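Chemist: Following this line is my_file_23.cif, made up of mmCIF, C-alpha atoms:
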data_upload
loop_
_atom_site.label_atom_id
_atom_site.label_comp_id
_atom_site.auth_asym_id
_atom_site.auth_seq_id
_atom_site.Cartn_x
_atom_site.Cartn_y
_atom_site.Cartn_z
CA MET J 106 95.03 103.02 123.48
CA PHE J 107 93.76 103.50 119.94
CA GLY J 108 96.25 100.95 118.63
CA SER J 109 95.08 98.28 121.06
CA THR J 110 91.44 99.05 120.21
CA PHE J 111 92.05 98.61 116.50
CA GLN J 112 93.95 95.40 117.18
CA SER J 113 90.93 94.02 119.03
CA ILE J 114 88.63 94.95 116.11
CA VAL J 115 90.88 93.23 113.58
CA ASP J 116 91.21 90.20 115.86
CA ARG J 117 87.44 89.98 116.27
CA ARG J 118 86.69 90.05 112.55
CA ARG J 119 86.38 86.47 111.39
CA SER J 120 84.45 84.89 108.56
CA VAL J 121 81.49 83.46 110.48
CA ARG J 122 79.41 80.99 108.49
CA ILE J 123 76.58 80.23 110.91
CA PHE J 124 74.57 83.01 112.57
CA ASP J 125 72.16 83.00 115.51
CA ASN J 126 68.72 83.92 114.20
CA ASN J 127 67.40 84.31 117.75
CA ALA J 128 69.98 86.90 118.76
CA PRO J 129 68.92 90.56 118.73
CA PHE J 130 69.98 92.41 115.60
CA ASP J 131 70.03 96.17 115.10
CA GLU J 132 69.87 96.83 111.35
CA SER J 133 70.72 100.51 111.95
CA VAL J 134 74.27 99.33 112.66
CA VAL J 135 74.43 98.04 109.09
CA SER J 136 73.25 101.42 107.82
CA LYS J 137 75.84 103.20 109.95
CA SER J 138 78.62 100.89 108.76
CA LEU J 139 77.65 101.43 105.13
CA ALA J 140 77.79 105.19 105.67
CA LEU J 141 81.35 104.70 106.94
CA SER J 142 82.15 102.53 103.91
CA VAL J 143 81.42 105.51 101.67
CA LEU J 144 84.42 107.22 103.31
CA SER J 145 86.78 104.47 102.15
CA ALA J 146 89.76 105.19 99.96
CA ASN J 147 88.96 104.74 96.28
CA SER J 148 90.60 105.36 92.94
CA SER J 149 90.54 109.05 91.93
CA ASN J 150 87.47 109.65 94.12
CA MET J 151 85.37 108.14 91.34
CA GLN J 152 83.29 106.09 93.82
CA LEU J 153 82.21 103.58 91.20
CA TRP J 154 80.34 101.45 93.69
CA GLU J 155 76.87 100.77 95.10
CA PHE J 156 75.94 99.03 98.36
CA TYR J 157 72.65 97.18 98.73
CA GLN J 158 71.35 96.54 102.25
CA ILE J 159 68.85 93.71 101.89
CA LYS J 160 65.89 94.28 104.21
CA THR J 161 63.13 92.54 102.26
CA LYS J 162 62.58 88.90 103.21
CA ALA J 163 61.73 87.82 99.67
CA VAL J 164 64.92 89.37 98.28
CA HIS J 165 66.96 87.76 101.06
CA GLU J 166 65.49 84.36 100.24
CA ALA J 167 66.19 84.85 96.54
CA LEU J 168 69.79 85.75 97.32
CA ASN J 169 70.09 82.65 99.50
CA LYS J 170 69.35 80.63 96.36
CA ALA J 171 71.82 82.69 94.32
CA CYS J 172 74.46 81.98 96.99
CA MET J 173 73.87 78.28 96.36
CA GLY J 174 72.59 77.47 99.81
CA GLN J 175 75.61 78.66 101.80
CA SER J 176 74.90 78.53 105.51
CA ALA J 177 76.22 82.08 105.93
CA ALA J 178 73.60 83.46 103.55
CA LYS J 179 70.84 81.22 104.87
CA THR J 180 71.32 82.06 108.56
CA ALA J 181 72.36 85.72 108.25
CA SER J 182 70.21 88.36 109.89
CA GLN J 183 70.92 90.60 106.93
CA LEU J 184 72.83 90.55 103.64
CA VAL J 185 74.73 93.40 102.00
CA VAL J 186 75.69 93.30 98.32
CA PHE J 187 78.71 95.30 97.13
CA VAL J 188 78.50 96.25 93.46
CA THR J 189 80.92 97.93 91.05
CA ARG J 190 79.46 100.44 88.59
CA GLN J 191 82.15 101.11 86.03
CA ASP J 192 79.37 102.16 83.65
CA LYS J 193 78.77 105.29 85.75
CA TRP J 194 82.22 106.75 85.15
CA LYS J 195 80.90 109.68 83.09
CA GLU J 196 78.50 110.67 85.86
CA ARG J 197 81.27 110.49 88.46
CA VAL J 198 83.65 112.49 86.27
CA GLN J 199 81.06 115.26 85.94
CA TRP J 200 80.29 115.08 89.66
CA ASN J 201 83.96 115.67 90.48
CA ILE J 202 84.19 118.52 87.94
CA ASP J 203 81.10 120.16 89.47
CA LYS J 204 82.68 119.92 92.93
CA LEU J 205 85.89 121.50 91.64
CA GLU J 206 84.00 124.32 89.97
CA LYS J 207 82.16 125.07 93.19
CA GLN J 208 85.39 124.89 95.21
CA PHE J 209 87.22 127.32 92.90
CA GLU J 210 84.28 129.64 92.17
CA GLY J 211 85.43 133.26 92.11
CA LYS J 212 89.06 132.28 92.51
CA GLU J 213 91.87 132.82 90.04
CA LEU J 214 92.97 129.35 89.01
CA THR J 215 96.56 128.32 89.56
CA LYS J 216 98.43 125.76 87.46
CA LYS J 217 97.73 123.20 90.19
CA ASP J 218 94.00 123.98 90.03
CA LEU J 219 93.99 123.62 86.24
CA ARG J 220 95.75 120.25 86.55
CA ALA J 221 92.90 119.08 88.78
CA PHE J 222 90.38 119.96 86.06
CA ASP J 223 92.54 118.31 83.37
CA TYR J 224 92.72 115.20 85.54
CA TYR J 225 88.95 114.67 85.28
CA LYS J 226 88.34 116.22 81.87
CA LYS J 227 91.20 114.49 80.03
CA LEU J 228 92.81 111.67 82.01
CA MET J 229 89.69 110.00 83.45
CA PRO J 230 87.98 109.67 80.04
CA LEU J 231 91.18 108.16 78.69
CA VAL J 232 91.32 105.69 81.58
CA TYR J 233 87.66 104.67 81.70
CA ARG J 234 86.28 105.03 78.17
CA TYR J 235 85.30 101.66 76.74
CA ASP J 236 83.84 100.51 73.44
CA PRO J 237 82.99 96.94 72.39
CA PHE J 238 85.02 97.25 69.19
CA GLY J 239 88.27 97.87 71.05
CA PHE J 240 89.23 101.21 69.48
CA ASN J 241 89.79 102.86 72.86
CA THR J 242 91.73 99.83 74.09
CA LEU J 243 93.99 100.11 71.05
CA LEU J 244 94.44 103.85 71.63
CA ARG J 245 95.31 103.31 75.29
CA SER J 246 97.75 100.53 74.42
CA ILE J 247 99.54 102.77 71.94
CA ILE J 248 99.70 105.64 74.42
CA VAL J 249 100.94 103.37 77.21
CA PHE J 250 103.61 101.86 74.94
CA PHE J 251 105.08 105.17 73.81
CA MET J 252 104.57 107.20 77.00
CA GLY J 253 105.82 104.36 79.18
CA PHE J 254 108.75 103.48 76.96
CA ASN J 255 111.31 105.36 79.04
CA LYS J 256 109.39 106.70 82.04
CA PRO J 257 106.77 105.56 84.57
CA PHE J 258 103.24 105.70 83.19
CA LEU J 259 99.80 104.51 84.29
CA ARG J 260 99.36 101.16 82.51
CA ILE J 261 95.59 100.89 82.21
CA ARG J 262 95.22 99.28 78.79
CA ASN J 263 92.08 97.22 78.51
CA HIS J 264 88.67 96.50 80.01
CA GLY J 265 90.20 93.95 82.38
CA ASP J 266 92.51 96.61 83.85
CA GLN J 267 89.51 98.92 84.32
CA ARG J 268 87.54 96.17 86.08
CA VAL J 269 90.41 95.38 88.45
CA MET J 270 90.66 99.05 89.40
CA CYS J 271 86.95 99.27 90.21
CA HIS J 272 86.90 96.03 92.20
CA LYS J 273 89.92 97.10 94.28
CA SER J 274 88.12 100.25 95.38
CA CYS J 275 84.91 98.36 96.14
CA ALA J 276 86.80 95.75 98.18
CA LEU J 277 88.33 98.52 100.28
CA ALA J 278 84.81 99.72 101.09
CA ALA J 279 83.74 96.17 101.96
CA GLN J 280 86.65 95.83 104.40
CA THR J 281 85.70 99.12 106.04
CA PHE J 282 82.17 97.78 106.42
CA MET J 283 83.29 94.52 108.04
CA LEU J 284 85.63 96.27 110.48
CA SER J 285 82.88 98.71 111.41
CA MET J 286 80.47 95.84 112.05
CA ALA J 287 83.11 94.12 114.18
CA SER J 288 83.57 97.30 116.22
CA GLU J 289 79.83 97.20 117.00
CA GLY J 290 79.98 93.58 118.17
CA TYR J 291 78.58 91.98 115.02
CA ASP J 292 79.98 89.23 112.82
CA THR J 293 80.26 89.05 109.05
CA CYS J 294 81.15 86.66 106.26
CA PRO J 295 82.26 87.88 102.83
CA MET J 296 81.06 85.52 100.12
CA GLU J 297 82.32 84.98 96.58
CA GLY J 298 80.36 81.80 95.94
CA PHE J 299 77.27 83.06 94.13
CA ASP J 300 75.64 83.23 90.71
CA SER J 301 76.51 86.81 89.75
CA GLU J 302 74.03 86.94 86.85
CA LEU J 303 71.21 85.77 89.11
CA VAL J 304 72.16 88.32 91.78
CA LYS J 305 72.05 91.11 89.19
CA LYS J 306 68.64 89.90 88.04
CA ILE J 307 67.33 89.86 91.61
CA LEU J 308 68.57 93.40 92.27
CA LYS J 309 67.47 94.58 88.79
CA LEU J 310 70.98 95.72 87.93
CA PRO J 311 72.19 96.40 84.37
CA SER J 312 74.47 93.90 82.68
CA SER J 313 77.36 96.37 82.98
CA ALA J 314 77.23 96.25 86.80
CA GLU J 315 79.36 93.62 88.54
CA ILE J 316 78.97 91.95 91.92
CA ASN J 317 82.07 92.45 94.03
CA MET J 318 80.98 90.38 97.03
CA ILE J 319 78.01 89.60 99.26
CA ILE J 320 78.48 90.01 103.00
CA ALA J 321 76.37 88.12 105.52
CA CYS J 322 75.81 89.89 108.85
CA GLY J 323 74.58 88.93 112.29
CA ILE J 324 75.60 87.46 115.62
CA GLY J 325 77.70 84.42 114.93
CA LYS J 326 77.37 81.09 116.67
CA PRO J 327 80.54 79.47 118.05
CA GLU J 328 80.22 76.67 115.51
CA GLY J 329 80.09 79.31 112.77
CA ILE J 330 83.87 79.64 112.94
CA TYR J 331 85.04 76.47 111.30
CA SER J 332 88.69 76.51 112.40
CA ASP J 333 91.39 78.46 114.15
CA ARG J 334 92.72 81.42 112.21
CA VAL J 335 95.89 80.44 110.34
CA ARG J 336 98.06 82.57 108.09
CA VAL J 337 101.18 82.00 106.02
CA PRO J 338 104.22 83.08 108.11
CA ASN J 339 104.83 86.83 107.96
CA GLN J 340 108.33 86.37 106.60
CA GLU J 341 106.84 84.78 103.47
CA VAL J 342 104.60 87.77 102.66
CA ILE J 343 106.10 90.83 104.40
CA PHE J 344 109.38 92.15 103.04
CA GLU J 345 111.71 95.05 103.74
CA VAL J 346 113.58 96.38 100.72
#
Before we go any further, please render this structure as structure tokens.
Modeler:
Amino acid sequence: MFGSTFQSIVDRRRSVRIFDNNAPFDESVVSKSLALSVLSANSSNMQLWEFYQIKTKAVHEALNKACMGQSAAKTASQLVVFVTRQDKWKERVQWNIDKLEKQFEGKELTKKDLRAFDYYKKLMPLVYRYDPFGFNTLLRSIIVFFMGFNKPFLRIRNHGDQRVMCHKSCALAAQTFMLSMASEGYDTCPMEGFDSELVKKILKLPSSAEINMIIACGIGKPEGIYSDRVRVPNQEVIFEV
């Protein structure tokens, strides 16, 4: 039963580009779906993301402009902006360490417990630390070269690798959000066509933040689905090895 229910949710989720402004819209469903998004899988439980539920009309209108007049943004009942916050890695490292300390309080630490602390105290700074002069990138590259010379090793070398890691986690949360909205009978449209610098200015975000995607929400009109769903044949993308 559960399998068929999930199948129907996945089948329902389409990128709808025209919404019905006259249809009833319960914004609490957006809030609920965002709360579920927080539960999404993410790299090392760092949660380097922020989700902005746009309720203010003026902000919505400004984002419409930043989305370059896309019909999905213009007709949406509500917009949600998914943001990566790689710059908050130190805060998240400390947050995880604090949680570990509380979890192990009064307990004699095992080697496994100590490895958990080392993971956040030593490995995460190595993975996420960034400087504009490239010293940390050089250090990581040297470590990756020697440590990965004859054994598997995490190959996070530069700022681009760090960004990819953060955006992957944020995209997982966005997918959770869209599936949750679909399960409640609402439609969504993830958008990549926007002026990211303008969006950051509208939301008063620091330059180090990055916009992952903007998702339009509402009740879609039939004409909002532009074509039948088509996918490359499974045998071209799914392999058994």
Chemist: For the file shown, report as a PyMOL selection string the outcome of the PyMOL selection byres ((chain J and resi 289) around 12) at residue level.
Modeler: chain J and resi 113-114+117-118+130-135+137-138+282-288+290-293+322-324
Chemist: Evaluating the PyMOL selection byres ((chain J and resi 267) around 12) on the displayed file yields which residues, as a ChimeraX atom specification?
Modeler: /J:148,153,189-192,194,229-235,242,245,259-266,268-274
Chemist: Using all atoms listed in the file, find all polymer residues with an atom at most 6 Å away from the point (71.1, 84.1, 91.0); report them as a VMD selection string.
Modeler: chain J and resid 171 300 302 to 304
Chemist: For the selection just defined, write its residues with C-alpha atoms to a file, as a CSV table (one decimal), in the coordinates of the input.
Modeler:
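part.csv, freshly written:
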chain,number,residue,atom,x,y,z
J,171,ALA,CA,71.8,82.7,94.3
J,300,ASP,CA,75.6,83.2,90.7
J,302,GLU,CA,74.0,86.9,86.8
J,303,LEU,CA,71.2,85.8,89.1
J,304,VAL,CA,72.2,88.3,91.8
Chemist: Within 10 Å of region 221-228 of chain J, counting all atoms listed in the file, which residues show up once you throw out same-chain ones fewer than 5 positions away? Write them as number ranges by chain, please.
Modeler: J: 149, 151, 195, 197-203, 205-206, 215-216, 233
Chemist: To test the calculation: enclose all listed atoms of region 168-181 of chain J in a box whose edges run along x, y and z, add 5 Å on each side, then state centre and edge lengths in Å to one decimal, as JSON.
Modeler:
{"center_x": 72.8, "center_y": 81.6, "center_z": 101.4, "size_x": 16.9, "size_y": 18.3, "size_z": 24.2}
Chemist: Just to confirm, what's the straight-line distance from CA of Leu243 (chain J) to CA of Lys256 (chain J) in Å (one decimal)?
Modeler: 20.0 Å
Chemist: For CA of Asp125 (chain J) and CA of Met296 (chain J), determine how far apart the two atoms are, in Å to one decimal place.
Modeler: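 Separating CA of Asp125 (chain J) from CA of Met296 (chain J) is a distance of 18.0 Å.
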Chemist: May I ask for the distance between CA of Pro129 (chain J) and CA of Lys326 (chain J), given in Å to one decimal place?
Modeler: 12.9 Å
Chemist: As a check of understanding, name the residues that the PyMOL selection byres ((chain J and resi 188) around 7) selects in the supplied structure, as a ChimeraX atom specification.
Modeler: /J:154-156,186-187,189-190,314-317
Chemist: Of the candidates J:Cys275, J:Val342, J:Ile123, J:Cys172, which shows the shortest atom-to-atom distance to Val143 (chain J), using only C-alpha atoms?
Modeler: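 That would be J:Cys275, the residue with the smallest distance to Val143 (chain J).
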Chemist: Between J:Glu297, J:Glu210, J:Asp116, J:Asp218, single out the one closest to Gln175 (chain J), counting only C-alpha atoms.
Modeler: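 The answer is J:Glu297, which sits nearest to Gln175 (chain J).
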Chemist: Just add N, CA, C and O atoms to region 184-200 of chain J and send it as a PDB file, keeping the file's coordinate frame.
Modeler:
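Output file rebuild28.pdb follows:
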ATOM      1  N   LEU J 184      71.821  90.657 104.684  1.00  0.00           N
ATOM      2  CA  LEU J 184      72.830  90.550 103.640  1.00  0.00           C
ATOM      3  C   LEU J 184      73.115  91.946 103.069  1.00  0.00           C
ATOM      4  O   LEU J 184      72.219  92.788 102.992  1.00  0.00           O
ATOM      5  N   VAL J 185      74.353  92.159 102.675  1.00  0.00           N
ATOM      6  CA  VAL J 185      74.730  93.400 102.000  1.00  0.00           C
ATOM      7  C   VAL J 185      75.475  93.013 100.723  1.00  0.00           C
ATOM      8  O   VAL J 185      76.399  92.191 100.759  1.00  0.00           O
ATOM      9  N   VAL J 186      75.071  93.603  99.604  1.00  0.00           N
ATOM     10  CA  VAL J 186      75.690  93.300  98.320  1.00  0.00           C
ATOM     11  C   VAL J 186      76.521  94.503  97.877  1.00  0.00           C
ATOM     12  O   VAL J 186      76.007  95.626  97.794  1.00  0.00           O
ATOM     13  N   PHE J 187      77.803  94.262  97.597  1.00  0.00           N
ATOM     14  CA  PHE J 187      78.710  95.300  97.130  1.00  0.00           C
ATOM     15  C   PHE J 187      78.859  95.170  95.617  1.00  0.00           C
ATOM     16  O   PHE J 187      79.197  94.095  95.111  1.00  0.00           O
ATOM     17  N   VAL J 188      78.603  96.257  94.918  1.00  0.00           N
ATOM     18  CA  VAL J 188      78.500  96.250  93.460  1.00  0.00           C
ATOM     19  C   VAL J 188      79.443  97.289  92.866  1.00  0.00           C
ATOM     20  O   VAL J 188      79.556  98.404  93.377  1.00  0.00           O
ATOM     21  N   THR J 189      80.127  96.943  91.784  1.00  0.00           N
ATOM     22  CA  THR J 189      80.920  97.930  91.050  1.00  0.00           C
ATOM     23  C   THR J 189      80.085  98.468  89.895  1.00  0.00           C
ATOM     24  O   THR J 189      79.353  97.730  89.242  1.00  0.00           O
ATOM     25  N   ARG J 190      80.208  99.788  89.652  1.00  0.00           N
ATOM     26  CA  ARG J 190      79.460 100.440  88.590  1.00  0.00           C
ATOM     27  C   ARG J 190      80.395 101.222  87.674  1.00  0.00           C
ATOM     28  O   ARG J 190      80.359 102.450  87.607  1.00  0.00           O
ATOM     29  N   GLN J 191      81.222 100.499  86.975  1.00  0.00           N
ATOM     30  CA  GLN J 191      82.150 101.110  86.030  1.00  0.00           C
ATOM     31  C   GLN J 191      81.402 101.911  84.976  1.00  0.00           C
ATOM     32  O   GLN J 191      81.914 102.914  84.449  1.00  0.00           O
ATOM     33  N   ASP J 192      80.170 101.497  84.677  1.00  0.00           N
ATOM     34  CA  ASP J 192      79.370 102.160  83.650  1.00  0.00           C
ATOM     35  C   ASP J 192      78.975 103.584  84.038  1.00  0.00           C
ATOM     36  O   ASP J 192      78.529 104.357  83.191  1.00  0.00           O
ATOM     37  N   LYS J 193      79.147 103.947  85.300  1.00  0.00           N
ATOM     38  CA  LYS J 193      78.770 105.290  85.750  1.00  0.00           C
ATOM     39  C   LYS J 193      79.950 106.259  85.764  1.00  0.00           C
ATOM     40  O   LYS J 193      79.873 107.327  86.370  1.00  0.00           O
ATOM     41  N   TRP J 194      81.020 105.922  85.062  1.00  0.00           N
ATOM     42  CA  TRP J 194      82.220 106.750  85.150  1.00  0.00           C
ATOM     43  C   TRP J 194      81.985 108.171  84.627  1.00  0.00           C
ATOM     44  O   TRP J 194      82.528 109.140  85.189  1.00  0.00           O
ATOM     45  N   LYS J 195      81.163 108.333  83.606  1.00  0.00           N
ATOM     46  CA  LYS J 195      80.900 109.680  83.090  1.00  0.00           C
ATOM     47  C   LYS J 195      80.184 110.536  84.123  1.00  0.00           C
ATOM     48  O   LYS J 195      80.495 111.731  84.283  1.00  0.00           O
ATOM     49  N   GLU J 196      79.212 109.938  84.813  1.00  0.00           N
ATOM     50  CA  GLU J 196      78.500 110.670  85.860  1.00  0.00           C
ATOM     51  C   GLU J 196      79.445 111.100  86.977  1.00  0.00           C
ATOM     52  O   GLU J 196      79.371 112.220  87.479  1.00  0.00           O
ATOM     53  N   ARG J 197      80.341 110.183  87.362  1.00  0.00           N
ATOM     54  CA  ARG J 197      81.270 110.490  88.460  1.00  0.00           C
ATOM     55  C   ARG J 197      82.307 111.524  88.031  1.00  0.00           C
ATOM     56  O   ARG J 197      82.736 112.350  88.839  1.00  0.00           O
ATOM     57  N   VAL J 198      82.736 111.473  86.773  1.00  0.00           N
ATOM     58  CA  VAL J 198      83.650 112.490  86.270  1.00  0.00           C
ATOM     59  C   VAL J 198      83.000 113.869  86.372  1.00  0.00           C
ATOM     60  O   VAL J 198      83.588 114.824  86.883  1.00  0.00           O
ATOM     61  N   GLN J 199      81.757 113.969  85.897  1.00  0.00           N
ATOM     62  CA  GLN J 199      81.060 115.260  85.940  1.00  0.00           C
ATOM     63  C   GLN J 199      80.814 115.699  87.368  1.00  0.00           C
ATOM     64  O   GLN J 199      80.899 116.897  87.686  1.00  0.00           O
ATOM     65  N   TRP J 200      80.513 114.758  88.247  1.00  0.00           N
ATOM     66  CA  TRP J 200      80.290 115.080  89.660  1.00  0.00           C
ATOM     67  C   TRP J 200      81.548 115.709  90.263  1.00  0.00           C
ATOM     68  O   TRP J 200      81.474 116.715  90.974  1.00  0.00           O
TER      69      TRP J 200
END
